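Raw coords06.cif, mmCIF, C-alpha atoms and all ligand atoms:
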```cif
data_structure
loop_
_atom_site.label_atom_id
_atom_site.label_comp_id
_atom_site.auth_asym_id
_atom_site.auth_seq_id
_atom_site.Cartn_x
_atom_site.Cartn_y
_atom_site.Cartn_z
CA MET A 1 3.76 23.35 -9.63
CA ASP A 2 7.35 23.67 -10.76
CA ARG A 3 9.02 20.95 -12.77
CA SER A 4 10.82 18.29 -10.74
CA THR A 5 9.25 19.41 -7.49
CA PHE A 6 9.06 15.80 -6.34
CA PRO A 7 11.80 13.16 -6.47
CA ARG A 8 11.90 11.06 -9.64
CA GLU A 9 11.12 7.88 -7.71
CA PHE A 10 8.04 9.42 -6.05
CA LEU A 11 5.08 7.08 -6.66
CA TRP A 12 2.05 8.73 -8.25
CA GLY A 13 -1.21 6.85 -8.13
CA VAL A 14 -4.98 6.86 -7.91
CA SER A 15 -7.30 4.87 -5.64
CA THR A 16 -10.68 3.16 -5.85
CA SER A 17 -12.52 0.49 -3.88
CA ALA A 18 -14.41 -2.59 -4.99
CA PHE A 19 -17.90 -1.84 -3.71
CA GLN A 20 -17.82 1.73 -4.97
CA ILE A 21 -17.09 0.85 -8.60
CA GLU A 22 -17.48 -2.85 -9.40
CA GLY A 23 -21.24 -3.38 -9.55
CA ALA A 24 -22.12 -6.96 -10.60
CA THR A 25 -23.04 -7.63 -6.98
CA GLY A 26 -25.01 -10.74 -7.97
CA GLU A 27 -22.49 -12.10 -10.48
CA GLY A 28 -19.48 -14.35 -10.44
CA GLY A 29 -20.54 -16.24 -7.32
CA ARG A 30 -20.19 -13.14 -5.11
CA GLY A 31 -21.99 -13.40 -1.77
CA PRO A 32 -23.97 -10.55 -0.20
CA SER A 33 -22.16 -7.91 1.84
CA ILE A 34 -23.36 -5.63 4.60
CA TRP A 35 -23.44 -2.78 2.10
CA ASP A 36 -25.84 -4.66 -0.20
CA THR A 37 -28.12 -5.19 2.78
CA PHE A 38 -27.79 -1.60 3.95
CA ALA A 39 -28.43 -0.17 0.49
CA ALA A 40 -31.55 -2.32 0.15
CA THR A 41 -32.94 -0.91 3.40
CA PRO A 42 -35.30 2.02 2.68
CA GLY A 43 -34.05 5.37 3.90
CA ARG A 44 -30.40 4.42 4.26
CA ILE A 45 -28.92 5.75 1.00
CA ALA A 46 -29.73 9.11 -0.58
CA ARG A 47 -32.39 8.87 -3.29
CA GLY A 48 -32.65 5.12 -2.64
CA GLU A 49 -29.51 4.50 -4.68
CA HIS A 50 -27.53 1.26 -4.53
CA ALA A 51 -24.31 -0.17 -5.95
CA ASP A 52 -25.71 -3.11 -7.94
CA ILE A 53 -24.23 -1.60 -11.10
CA ALA A 54 -22.14 1.30 -9.73
CA ALA A 55 -19.52 2.14 -12.41
CA ASP A 56 -19.81 -1.36 -13.88
CA HIS A 57 -16.07 -1.81 -13.43
CA TYR A 58 -16.52 -5.58 -13.14
CA HIS A 59 -17.30 -5.63 -16.86
CA ARG A 60 -15.53 -2.47 -17.99
CA TYR A 61 -12.19 -2.90 -16.22
CA PRO A 62 -10.22 -3.08 -19.53
CA GLU A 63 -11.46 0.43 -20.40
CA ASP A 64 -10.61 1.62 -16.88
CA VAL A 65 -7.11 0.15 -17.00
CA ALA A 66 -6.63 1.86 -20.37
CA LEU A 67 -7.53 5.14 -18.64
CA LEU A 68 -4.94 4.42 -15.96
CA ALA A 69 -2.35 3.84 -18.65
CA GLU A 70 -3.31 7.09 -20.37
CA LEU A 71 -3.04 8.90 -17.04
CA GLY A 72 0.49 7.59 -16.72
CA VAL A 73 0.38 6.71 -13.02
CA GLY A 74 2.96 4.36 -11.57
CA ALA A 75 0.50 2.68 -9.21
CA TYR A 76 -3.17 1.86 -8.90
CA ARG A 77 -4.78 1.22 -5.54
CA MET A 78 -7.81 -1.07 -5.80
CA SER A 79 -9.56 -3.32 -3.31
CA PHE A 80 -10.60 -6.94 -3.32
CA ALA A 81 -14.21 -7.65 -2.42
CA TRP A 82 -14.12 -10.16 0.43
CA PRO A 83 -17.59 -11.51 -0.56
CA ARG A 84 -16.29 -12.20 -4.09
CA ILE A 85 -13.38 -14.23 -2.72
CA GLN A 86 -15.23 -15.93 0.15
CA PRO A 87 -18.98 -15.52 -0.42
CA GLU A 88 -19.70 -16.85 3.08
CA GLY A 89 -16.68 -15.18 4.64
CA LYS A 90 -14.87 -18.43 5.32
CA GLY A 91 -13.67 -21.60 3.68
CA ALA A 92 -12.55 -22.38 0.16
CA PRO A 93 -12.29 -19.42 -2.21
CA ASN A 94 -14.74 -18.80 -5.02
CA ALA A 95 -12.94 -19.64 -8.28
CA GLU A 96 -14.82 -17.03 -10.31
CA GLY A 97 -13.89 -14.31 -7.82
CA LEU A 98 -10.21 -15.26 -7.97
CA ALA A 99 -10.39 -15.35 -11.76
CA PHE A 100 -11.83 -11.84 -11.93
CA TYR A 101 -8.95 -10.41 -9.88
CA ASP A 102 -6.45 -12.45 -11.92
CA ARG A 103 -7.75 -10.72 -15.04
CA LEU A 104 -7.76 -7.30 -13.41
CA LEU A 105 -4.27 -7.60 -11.92
CA ASP A 106 -2.85 -9.00 -15.15
CA ALA A 107 -4.29 -6.06 -17.06
CA ILE A 108 -2.80 -3.59 -14.56
CA CYS A 109 0.61 -5.25 -14.70
CA ASP A 110 0.49 -5.44 -18.50
CA ALA A 111 0.00 -1.68 -18.48
CA ASP A 112 3.20 -1.41 -16.43
CA ILE A 113 1.36 -0.10 -13.40
CA ALA A 114 2.07 -1.38 -9.89
CA PRO A 115 -1.02 -2.83 -8.20
CA VAL A 116 -1.60 -1.65 -4.63
CA ALA A 117 -4.24 -3.88 -3.08
CA THR A 118 -6.53 -3.19 -0.16
CA LEU A 119 -7.97 -6.40 1.29
CA TYR A 120 -10.95 -4.81 2.96
CA HIS A 121 -12.73 -1.56 2.17
CA TRP A 122 -15.83 -2.05 4.37
CA ASP A 123 -17.69 -4.70 2.33
CA THR A 124 -17.93 -7.33 5.07
CA PRO A 125 -19.58 -10.54 3.86
CA GLN A 126 -23.08 -10.58 5.34
CA ALA A 127 -22.40 -14.02 6.84
CA VAL A 128 -19.45 -12.60 8.78
CA GLU A 129 -21.64 -9.83 10.10
CA ASP A 130 -24.36 -12.31 11.03
CA ALA A 131 -21.76 -14.11 13.14
CA GLY A 132 -20.99 -10.90 15.06
CA GLY A 133 -18.93 -8.80 12.61
CA TRP A 134 -16.23 -6.62 14.11
CA LEU A 135 -17.82 -6.86 17.55
CA VAL A 136 -16.35 -10.34 17.86
CA ARG A 137 -12.76 -11.45 17.88
CA ASP A 138 -13.40 -14.39 15.57
CA THR A 139 -13.80 -11.97 12.62
CA ALA A 140 -10.10 -11.12 12.94
CA GLU A 141 -9.23 -14.82 12.62
CA ARG A 142 -11.45 -15.17 9.58
CA PHE A 143 -9.83 -12.14 8.06
CA ALA A 144 -6.39 -13.72 8.44
CA GLU A 145 -7.62 -16.78 6.52
CA TYR A 146 -8.89 -14.49 3.76
CA ALA A 147 -5.53 -12.66 3.72
CA SER A 148 -3.67 -15.96 3.23
CA ILE A 149 -5.82 -16.79 0.22
CA LEU A 150 -5.01 -13.43 -1.37
CA GLY A 151 -1.31 -13.59 -0.56
CA GLU A 152 -0.99 -17.08 -2.06
CA ARG A 153 -2.83 -16.21 -5.22
CA PHE A 154 -1.81 -12.64 -5.96
CA GLY A 155 1.51 -12.18 -4.15
CA ASP A 156 3.37 -12.45 -7.46
CA ARG A 157 1.66 -9.32 -8.81
CA VAL A 158 0.65 -7.05 -5.93
CA ARG A 159 3.43 -4.55 -5.11
CA MET A 160 1.92 -3.06 -1.93
CA TRP A 161 -0.66 -4.52 0.44
CA ILE A 162 -3.11 -2.68 2.69
CA PRO A 163 -5.08 -5.03 4.96
CA LEU A 164 -7.86 -2.65 6.06
CA ASN A 165 -8.92 0.74 4.78
CA GLU A 166 -9.87 3.34 7.40
CA PRO A 167 -11.00 1.09 10.25
CA MET A 168 -11.99 4.28 12.09
CA VAL A 169 -14.79 4.90 9.61
CA MET A 170 -16.10 1.36 10.03
CA SER A 171 -16.12 1.70 13.82
CA ILE A 172 -17.59 5.20 14.01
CA TYR A 173 -19.90 5.41 11.02
CA GLY A 174 -20.88 1.74 10.91
CA TYR A 175 -21.09 0.79 14.59
CA ALA A 176 -21.14 3.99 16.69
CA ILE A 177 -23.44 6.41 14.87
CA GLY A 178 -24.99 4.21 12.20
CA GLU A 179 -24.65 6.45 9.15
CA TYR A 180 -22.95 3.66 7.23
CA ALA A 181 -23.53 -0.07 7.04
CA LEU A 182 -24.45 -1.69 9.26
CA GLY A 183 -26.28 1.17 10.86
CA LYS A 184 -25.64 0.42 14.53
CA THR A 185 -25.71 3.23 17.09
CA LEU A 186 -23.58 1.81 19.89
CA LEU A 187 -21.66 5.05 20.58
CA LEU A 188 -18.71 4.24 22.85
CA ASP A 189 -19.67 0.56 22.98
CA ALA A 190 -18.44 0.44 19.38
CA ILE A 191 -14.80 0.82 20.49
CA PRO A 192 -14.15 -2.96 20.69
CA THR A 193 -14.66 -3.02 16.90
CA ALA A 194 -11.54 -0.87 16.61
CA HIS A 195 -9.51 -3.41 18.54
CA HIS A 196 -10.81 -6.35 16.50
CA GLN A 197 -9.97 -4.51 13.27
CA ASN A 198 -6.51 -3.66 14.61
CA LEU A 199 -6.05 -7.31 15.47
CA ALA A 200 -7.26 -8.30 12.00
CA HIS A 201 -4.66 -5.94 10.58
CA GLY A 202 -1.84 -7.55 12.58
CA LEU A 203 -2.95 -11.10 11.84
CA ALA A 204 -3.28 -10.28 8.15
CA VAL A 205 0.22 -8.77 8.05
CA ARG A 206 1.56 -12.05 9.46
CA ALA A 207 -0.60 -14.17 7.16
CA LEU A 208 0.50 -12.23 4.08
CA ARG A 209 4.17 -12.43 5.04
CA ALA A 210 3.81 -16.17 5.61
CA THR A 211 2.82 -16.50 1.95
CA GLY A 212 5.95 -14.60 0.88
CA ALA A 213 4.10 -11.36 0.15
CA SER A 214 6.03 -8.16 0.79
CA GLY A 215 5.42 -4.42 0.80
CA ILE A 216 2.81 -4.43 3.57
CA GLY A 217 1.36 -1.33 5.19
CA THR A 218 -1.94 0.18 6.20
CA ALA A 219 -4.31 3.02 5.23
CA ASN A 220 -5.66 4.99 8.16
CA ASN A 221 -7.74 8.10 7.92
CA HIS A 222 -6.16 10.95 9.89
CA SER A 223 -7.54 14.37 10.79
CA PRO A 224 -5.82 17.02 12.85
CA VAL A 225 -8.14 17.82 15.77
CA TRP A 226 -8.41 21.50 16.64
CA THR A 227 -9.81 22.77 19.90
CA ALA A 228 -12.72 25.24 19.75
CA SER A 229 -11.00 27.47 22.33
CA GLU A 230 -8.00 27.57 24.65
CA GLY A 231 -10.25 26.65 27.59
CA ASP A 232 -9.21 23.50 29.47
CA ASP A 233 -12.51 21.71 28.81
CA ASP A 234 -12.35 22.27 25.08
CA LYS A 235 -8.71 21.23 24.98
CA ALA A 236 -9.50 18.05 26.91
CA ALA A 237 -12.30 17.28 24.43
CA ALA A 238 -9.85 17.72 21.54
CA ILE A 239 -7.34 15.35 23.12
CA TRP A 240 -10.09 12.78 23.64
CA LEU A 241 -11.34 13.00 20.05
CA ASP A 242 -7.79 12.76 18.74
CA ALA A 243 -7.44 9.52 20.73
CA LEU A 244 -10.72 8.20 19.29
CA ILE A 245 -10.18 8.94 15.62
CA ASN A 246 -6.40 8.99 15.18
CA ARG A 247 -4.39 7.41 17.97
CA LEU A 248 -6.74 4.45 18.55
CA TYR A 249 -5.45 3.09 15.21
CA ALA A 250 -1.95 4.52 14.81
CA ASP A 251 -0.64 3.98 18.35
CA PRO A 252 -1.14 0.20 18.57
CA VAL A 253 0.19 -0.32 15.04
CA LEU A 254 3.26 1.89 15.44
CA LEU A 255 3.94 1.95 19.17
CA GLY A 256 2.28 -1.21 20.46
CA THR A 257 0.17 0.73 22.97
CA TYR A 258 -3.35 2.16 23.16
CA PRO A 259 -4.12 5.76 24.13
CA SER A 260 -4.98 5.80 27.84
CA GLU A 261 -8.33 7.50 27.07
CA MET A 262 -9.46 4.38 25.19
CA GLU A 263 -8.29 1.64 27.52
CA GLN A 264 -11.45 1.32 29.62
CA HIS A 265 -13.52 0.81 26.46
CA LEU A 266 -11.41 -2.00 24.99
CA PRO A 267 -12.26 -5.70 25.26
CA ASP A 268 -10.75 -7.76 28.09
CA GLY A 269 -7.33 -9.17 27.31
CA TYR A 270 -6.62 -6.60 24.59
CA ALA A 271 -3.04 -6.06 25.80
CA GLU A 272 -2.05 -9.60 24.81
CA ASP A 273 -2.83 -8.77 21.19
CA LEU A 274 -0.61 -5.72 21.02
CA PRO A 275 2.54 -7.53 19.83
CA VAL A 276 0.57 -8.94 16.87
CA ILE A 277 -0.94 -5.56 16.06
CA ARG A 278 2.48 -3.91 16.17
CA GLU A 279 3.94 -6.19 13.48
CA GLU A 280 6.52 -4.14 11.59
CA LEU A 281 5.26 -2.40 8.44
CA ASP A 282 6.96 -1.50 5.18
CA PHE A 283 4.95 1.71 4.82
CA TYR A 284 2.24 3.71 6.54
CA GLY A 285 -0.70 4.95 4.44
CA VAL A 286 -2.38 8.22 5.39
CA ASN A 287 -5.79 9.12 3.99
CA TYR A 288 -6.33 12.82 4.51
CA TYR A 289 -9.42 14.89 3.77
CA GLU A 290 -10.09 17.50 6.48
CA PRO A 291 -9.38 18.63 10.04
CA GLN A 292 -11.95 18.54 12.87
CA ARG A 293 -12.84 21.22 15.39
CA VAL A 294 -14.16 20.15 18.75
CA ALA A 295 -15.52 21.56 21.99
CA ALA A 296 -16.45 20.20 25.41
CA PRO A 297 -19.86 18.48 25.39
CA GLY A 298 -22.98 20.42 26.26
CA PRO A 299 -25.42 19.18 28.95
CA GLY A 300 -27.02 15.82 28.16
CA ASN A 301 -24.47 14.84 25.53
CA PRO A 302 -23.54 11.18 26.13
CA LEU A 303 -20.13 11.74 24.49
CA PRO A 304 -17.11 13.53 25.94
CA PHE A 305 -16.88 15.98 23.01
CA GLU A 306 -18.99 17.97 20.58
CA LEU A 307 -18.00 18.68 16.99
CA ARG A 308 -17.98 22.27 15.76
CA PRO A 309 -17.75 23.48 12.16
CA VAL A 310 -14.32 24.29 10.79
CA GLU A 311 -15.05 27.85 9.66
CA GLY A 312 -13.18 30.21 7.41
CA TYR A 313 -12.38 27.78 4.61
CA PRO A 314 -14.17 26.91 1.38
CA LEU A 315 -16.37 23.81 1.49
CA THR A 316 -16.53 21.00 -1.05
CA THR A 317 -19.92 19.79 -2.28
CA ASN A 318 -19.58 17.10 0.38
CA ASP A 319 -19.37 19.84 3.03
CA SER A 320 -15.71 19.17 3.78
CA PRO A 321 -13.63 22.24 4.59
CA VAL A 322 -10.69 22.58 2.20
CA VAL A 323 -7.62 23.01 4.43
CA PRO A 324 -4.39 22.00 2.69
CA HIS A 325 -2.12 23.32 5.45
CA ALA A 326 -3.70 20.83 7.86
CA LEU A 327 -2.05 18.06 5.83
CA HIS A 328 1.32 19.68 6.50
CA GLU A 329 0.42 19.97 10.20
CA LEU A 330 -0.77 16.36 10.32
CA LEU A 331 2.37 14.95 8.73
CA LEU A 332 4.66 16.95 11.00
CA SER A 333 2.77 15.88 14.10
CA MET A 334 2.93 12.22 13.06
CA HIS A 335 6.63 12.58 12.29
CA GLU A 336 7.18 13.88 15.82
CA ARG A 337 4.83 11.58 17.71
CA TYR A 338 6.00 8.39 16.03
CA ALA A 339 9.66 9.32 15.58
CA GLY A 340 11.72 6.17 15.10
CA ALA A 341 8.59 4.02 14.64
CA LEU A 342 7.14 5.47 11.45
CA PRO A 343 8.00 3.72 8.19
CA PRO A 344 7.88 5.71 4.93
CA ILE A 345 4.51 7.39 4.41
CA TYR A 346 2.31 7.20 1.35
CA ILE A 347 -0.74 9.43 1.03
CA THR A 348 -3.09 6.62 0.10
CA GLU A 349 -6.11 8.91 -0.41
CA ASN A 350 -6.72 12.61 -0.90
CA GLY A 351 -9.30 14.28 -3.08
CA CYS A 352 -12.55 16.20 -3.15
CA SER A 353 -16.08 16.00 -4.48
CA ALA A 354 -17.45 18.57 -6.92
CA ASP A 355 -20.60 19.07 -9.00
CA ASP A 356 -18.98 17.85 -12.19
CA GLU A 357 -20.96 17.78 -15.42
CA VAL A 358 -20.11 17.21 -19.05
CA ALA A 359 -20.26 20.71 -20.56
CA GLU A 360 -21.56 21.58 -24.02
CA ASP A 361 -18.00 21.47 -25.34
CA GLY A 362 -17.88 17.80 -24.31
CA HIS A 363 -15.36 18.41 -21.52
CA VAL A 364 -15.69 18.34 -17.75
CA HIS A 365 -14.26 21.51 -16.24
CA ASP A 366 -13.32 20.96 -12.60
CA PRO A 367 -11.04 23.84 -11.56
CA ASP A 368 -11.92 23.36 -7.89
CA ARG A 369 -10.42 19.86 -7.94
CA VAL A 370 -7.22 21.08 -9.60
CA GLU A 371 -6.94 23.77 -6.94
CA PHE A 372 -7.67 21.27 -4.16
CA LEU A 373 -5.08 18.78 -5.36
CA SER A 374 -2.36 21.30 -6.12
CA GLY A 375 -2.86 22.96 -2.72
CA HIS A 376 -2.53 19.64 -0.94
CA LEU A 377 0.50 18.62 -2.96
CA ARG A 378 2.17 21.89 -2.06
CA ALA A 379 1.48 21.20 1.63
CA LEU A 380 2.83 17.70 1.19
CA ARG A 381 6.00 19.02 -0.43
CA PHE A 382 6.51 21.42 2.51
CA ALA A 383 6.21 18.47 4.91
CA MET A 384 8.84 16.60 2.90
CA ASP A 385 11.10 19.67 3.04
CA ASP A 386 10.61 19.59 6.81
CA GLY A 387 11.94 16.04 6.91
CA VAL A 388 8.85 13.83 6.64
CA ASP A 389 9.61 10.76 4.54
CA VAL A 390 6.73 10.64 2.03
CA ARG A 391 7.20 8.31 -0.94
CA GLY A 392 3.96 8.57 -2.89
CA TYR A 393 0.53 10.13 -3.34
CA PHE A 394 -2.77 8.61 -4.49
CA VAL A 395 -5.71 10.73 -5.63
CA TRP A 396 -9.12 9.63 -4.48
CA SER A 397 -10.42 8.72 -6.96
CA LEU A 398 -9.72 7.45 -10.46
CA MET A 399 -13.40 7.82 -11.35
CA ASP A 400 -16.73 8.93 -9.96
CA ASN A 401 -18.27 6.24 -7.80
CA PHE A 402 -20.78 5.24 -5.15
CA GLU A 403 -20.09 7.54 -2.20
CA TRP A 404 -21.66 5.27 0.42
CA SER A 405 -24.80 6.68 2.09
CA LYS A 406 -24.59 9.82 -0.06
CA GLY A 407 -25.04 7.73 -3.20
CA TYR A 408 -23.78 9.01 -6.52
CA ALA A 409 -24.19 12.78 -6.05
CA PRO A 410 -20.70 13.51 -4.67
CA ARG A 411 -18.32 13.09 -7.61
CA PHE A 412 -14.71 12.45 -6.57
CA GLY A 413 -13.21 11.16 -9.84
CA LEU A 414 -10.58 12.40 -12.24
CA VAL A 415 -12.86 10.65 -14.73
CA HIS A 416 -16.54 11.52 -14.99
CA VAL A 417 -18.95 8.59 -15.15
CA ASP A 418 -22.37 9.01 -16.74
CA TYR A 419 -24.24 6.37 -14.76
CA ALA A 420 -27.04 6.11 -17.35
CA THR A 421 -24.68 5.16 -20.18
CA GLN A 422 -21.51 4.25 -18.24
CA ARG A 423 -19.63 6.58 -20.54
CA ARG A 424 -16.30 7.70 -19.09
CA THR A 425 -15.09 11.28 -19.73
CA PRO A 426 -11.70 12.35 -18.37
CA LYS A 427 -12.11 15.66 -16.55
CA ASP A 428 -9.75 18.65 -16.84
CA SER A 429 -8.12 17.44 -13.60
CA PHE A 430 -7.21 14.18 -15.39
CA GLY A 431 -5.09 16.13 -17.90
CA TRP A 432 -3.63 18.24 -15.11
CA TYR A 433 -2.63 15.15 -13.09
CA GLN A 434 -1.29 13.45 -16.22
CA ARG A 435 1.11 16.36 -16.79
CA LEU A 436 2.07 16.45 -13.14
CA VAL A 437 2.86 12.72 -13.11
CA ARG A 438 4.88 13.07 -16.30
CA ASP A 439 6.90 15.97 -14.88
CA ASP A 440 7.13 14.71 -11.26
CA GLY A 441 5.24 17.71 -10.03
O1 LIG Q 1 -15.15 7.41 -0.86
C1 LIG Q 1 -14.45 7.42 0.35
C2 LIG Q 1 -13.57 6.19 0.46
O2 LIG Q 1 -14.32 5.03 0.35
C3 LIG Q 1 -12.84 6.18 1.78
N1 LIG Q 1 -12.19 7.42 2.05
C4 LIG Q 1 -12.93 8.64 1.84
C5 LIG Q 1 -13.56 8.64 0.46
C6 LIG Q 1 -14.32 9.95 0.20
O3 LIG Q 1 -15.30 10.16 1.15
#
```
If you convert what's in this file into structure tokens, what do you get?
Amino acid sequence: MDRSTFPREFLWGVSTSAFQIEGATGEGGRGPSIWDTFAATPGRIARGEHADIAADHYHRYPEDVALLAELGVGAYRMSFAWPRIQPEGKGAPNAEGLAFYDRLLDAICDADIAPVATLYHWDTPQAVEDAGGWLVRDTAERFAEYASILGERFGDRVRMWIPLNEPMVMSIYGYAIGEYALGKTLLLDAIPTAHHQNLAHGLAVRALRATGASGIGTANNHSPVWTASEGDDDKAAAIWLDALINRLYADPVLLGTYPSEMEQHLPDGYAEDLPVIREELDFYGVNYYEPQRVAAPGPGNPLPFELRPVEGYPLTTNDSPVVPHALHELLLSMHERYAGALPPIYITENGCSADDEVAEDGHVHDPDRVEFLSGHLRALRFAMDDGVDVRGYFVWSLMDNFEWSKGYAPRFGLVHVDYATQRRTPKDSFGWYQRLVRDDG
């Protein structure tokens, strides 16, 4: 990319999440989470893998922060583990958990990097799940209590706050189809979990602000939804899926309404919560990976749509089609749909998995990742030229990590992790991103 392609003040960053890198699941007074339980259940995670050690970031964070400093990013997006802060999901915080994040945030700030903190990246304390999880409204209230604890303690250091990461994934993968913790297969009966997470978001925004915290946004996963044909049935299916995976989260937060397609599936009294959910935001985080293609359901399908492959594009090792121009399309459509209601956008996640190995020369050559990232940054730049206000970009991920039910095989990092030795090796893409950050594109 040409020099100075992006504005000087553009924020370059990388993202991770607690459960995917920390390990030390039984240390520091941390309570069990739904992902510990899920990973311990035979057949749930590829090759029987678990995150008890993961990338051992809990112990090796100084080395990881040094890598961030070497990379030269202006911001680092991490997440707090709710079960480290409140092992039972309520009540007084765990001092050792707070102390760990004090050390981590201090190290990040000392490196002159702005911490961007996600409060929840799917690691629900098991006790919260046992009390009903996101199927019950009370979880949103508990989440607000947790948010207050974090705001009070870390508000002096965290620059940007993200209450929940990708609530859509929790609702669909965790509650509707059961591929992720907690493995429920409720299909459309999972939709109330979206509302309770949206409510948790709004309550947490208020709770954080009440502590004096500022710079509060969100991180929703968005995918353009493409119809399989121009037929009315396929188009209707595409509109329905767009409501389910995109608008169910963005509309209430930005417009204070729910898509009409979803209303009949929401819990009674949901409308009264909309003013809380719509609490004004300082930024809107978009996590983008891939578009979806969809057709009308075939006979016997209990859902009003059927997914089709997105053909004609290369696939990552995680079977995601690589479609940079869909990011441009997505940003333009959000810019239009939410005109006047959309705060500045940050791309809070974007990246790809690859079969990365340390080569004989000691380096990790990952040209596919460099191509993926540069293609998406070009698309992002076009969207900015078209008037979309984008202020920053975060690569998923700083380092290889536990990719949920796929275990450790998909490698998303700019830094390779040898899980046997925990040795970190910056990949070629690390050097590429380092230069890009230095030169603002
Ligand atoms: O690893 C995940 C992350 O936890 C949430 N967003 C997508 C990433 C890649 O699948």
Mind running chain A against ligand LIG 1 (chain Q) at 9 Å and telling me each contacting residue's nearest atom pair with the distance in Å (one decimal), counting only C-alpha atoms and all ligand atoms, chain and number ascending, as a Markdown table?
```
| residue | atom | partner | partner_atom | distance |
| --- | --- | --- | --- | --- |
| A:Ser15 | CA | Q:LIG1 | C2 | 8.8 |
| A:Thr16 | CA | Q:LIG1 | O2 | 7.4 |
| A:Ser17 | CA | Q:LIG1 | O2 | 6.5 |
| A:Phe19 | CA | Q:LIG1 | O2 | 8.7 |
| A:Gln20 | CA | Q:LIG1 | O2 | 7.2 |
| A:His121 | CA | Q:LIG1 | O2 | 7.0 |
| A:Trp122 | CA | Q:LIG1 | O2 | 8.3 |
| A:Asn165 | CA | Q:LIG1 | C3 | 7.3 |
| A:Glu166 | CA | Q:LIG1 | C3 | 7.0 |
| A:Val169 | CA | Q:LIG1 | C3 | 8.2 |
| A:Asn221 | CA | Q:LIG1 | N1 | 7.4 |
| A:Asn287 | CA | Q:LIG1 | N1 | 6.9 |
| A:Tyr288 | CA | Q:LIG1 | C4 | 8.3 |
| A:Tyr289 | CA | Q:LIG1 | C4 | 7.4 |
| A:Asn318 | CA | Q:LIG1 | O3 | 8.2 |
| A:Glu349 | CA | Q:LIG1 | N1 | 6.7 |
| A:Asn350 | CA | Q:LIG1 | C4 | 7.9 |
| A:Gly351 | CA | Q:LIG1 | C6 | 7.4 |
| A:Cys352 | CA | Q:LIG1 | C6 | 7.3 |
| A:Ser353 | CA | Q:LIG1 | C6 | 7.8 |
| A:Trp396 | CA | Q:LIG1 | C5 | 6.7 |
| A:Ser397 | CA | Q:LIG1 | O1 | 7.8 |
| A:Asn401 | CA | Q:LIG1 | O1 | 7.7 |
| A:Phe402 | CA | Q:LIG1 | O1 | 7.4 |
| A:Glu403 | CA | Q:LIG1 | O1 | 5.1 |
| A:Trp404 | CA | Q:LIG1 | O1 | 7.0 |
| A:Pro410 | CA | Q:LIG1 | O3 | 8.6 |
| A:Phe412 | CA | Q:LIG1 | C6 | 7.2 |
```
Counting all atoms listed in the file, what are the residues of region 116-234 of chain A within 7 Å of region 276-285 of chain A, and for each of them which pair of atoms is the nearest and at what distance in Å, to one decimal? Sort the table by chain and rising number, as CSV.
```
residue,atom,partner,partner_atom,distance
A:Asn198,CA,A:Ile277,CA,6.1
A:Leu199,CA,A:Ile277,CA,5.4
A:His201,CA,A:Ile277,CA,6.6
A:Gly202,CA,A:Ile277,CA,4.1
A:Leu203,CA,A:Val276,CA,6.5
A:Gly215,CA,A:Asp282,CA,5.5
A:Ile216,CA,A:Asp282,CA,5.3
A:Gly217,CA,A:Phe283,CA,4.7
A:Thr218,CA,A:Gly285,CA,5.2
A:Ala219,CA,A:Gly285,CA,4.2
A:Asn220,CA,A:Gly285,CA,6.2
```
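Pairwise distance (CA of Asp110 (chain A), CA of Asp156 (chain A)) equals 13.4 Å.
The environment of Glu357 (chain A) within 10 Å, counting only C-alpha atoms and disregarding residues fewer than 4 places along the same chain, consists of A:Gly362, A:His363, A:Val364, A:His365, A:Asp366, A:Arg411, A:His416, A:Val417, A:Asp418, A:Thr425, A:Lys427.
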Give me, as a tab-separated table, each residue of region 287-365 of chain A that comes within 9 Å of region 236-246 of chain A, together with its shortest interatomic pair and the distance in Å at one decimal, counting only C-alpha atoms, with rows ordered by chain and rising residue number.
```
residue	atom	partner	partner_atom	distance
A:Gln292	CA	A:Ala238	CA	9.0
A:Arg293	CA	A:Ala238	CA	7.7
A:Val294	CA	A:Ala238	CA	5.7
A:Ala295	CA	A:Ala237	CA	5.9
A:Ala296	CA	A:Ala237	CA	5.2
A:Pro297	CA	A:Ala237	CA	7.7
A:Pro304	CA	A:Ala237	CA	6.3
A:Phe305	CA	A:Ala237	CA	5.0
A:Glu306	CA	A:Ala237	CA	7.7
```
Requested in this report: Can you pull out every residue within 8 Å of Val415 (chain A), counting all atoms listed in the file, but drop anything in the same chain fewer than 2 positions away, and send it as a ChimeraX atom specification?
Outcome: /A:398-400,413,417,424-427,430
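CA of Phe372 (chain A) is positioned 21.1 Å from CA of Val388 (chain A).
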Query raised in the report: Counting all atoms listed in the file, what is within 9 Å of Tyr419 (chain A), bar same-chain residues fewer than 3 positions away, as an NGL selection string?
Result: :A and (53-56 or 408 or 422-423)
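Taking CA of Ala40 (chain A) as the reference point, CA of Tyr146 (chain A) is found at 26.0 Å.
Take the candidates A:Arg8, A:Arg60, A:His196, A:His325 and check each one against Asp268 (chain A) using all atoms listed in the file; the shortest distance goes to A:His196.
Distance annotation: of A:Thr139, A:Ser214, A:Thr41, A:Thr348, the residue with the minimal separation from Arg391 (chain A) is A:Thr348; atom set is all atoms listed in the file.
If only C-alpha atoms are the atoms counted, then among A:Leu67, A:Ala339, A:Leu188, A:Leu105 the closest residue to His265 (chain A) is A:Leu188.
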Query raised in the report: With all atoms listed in the file as the atoms that count, which of A:Pro291, A:Pro252, A:Gly298, A:Gly231 lies nearest to Pro275 (chain A)?
Result: A:Pro252
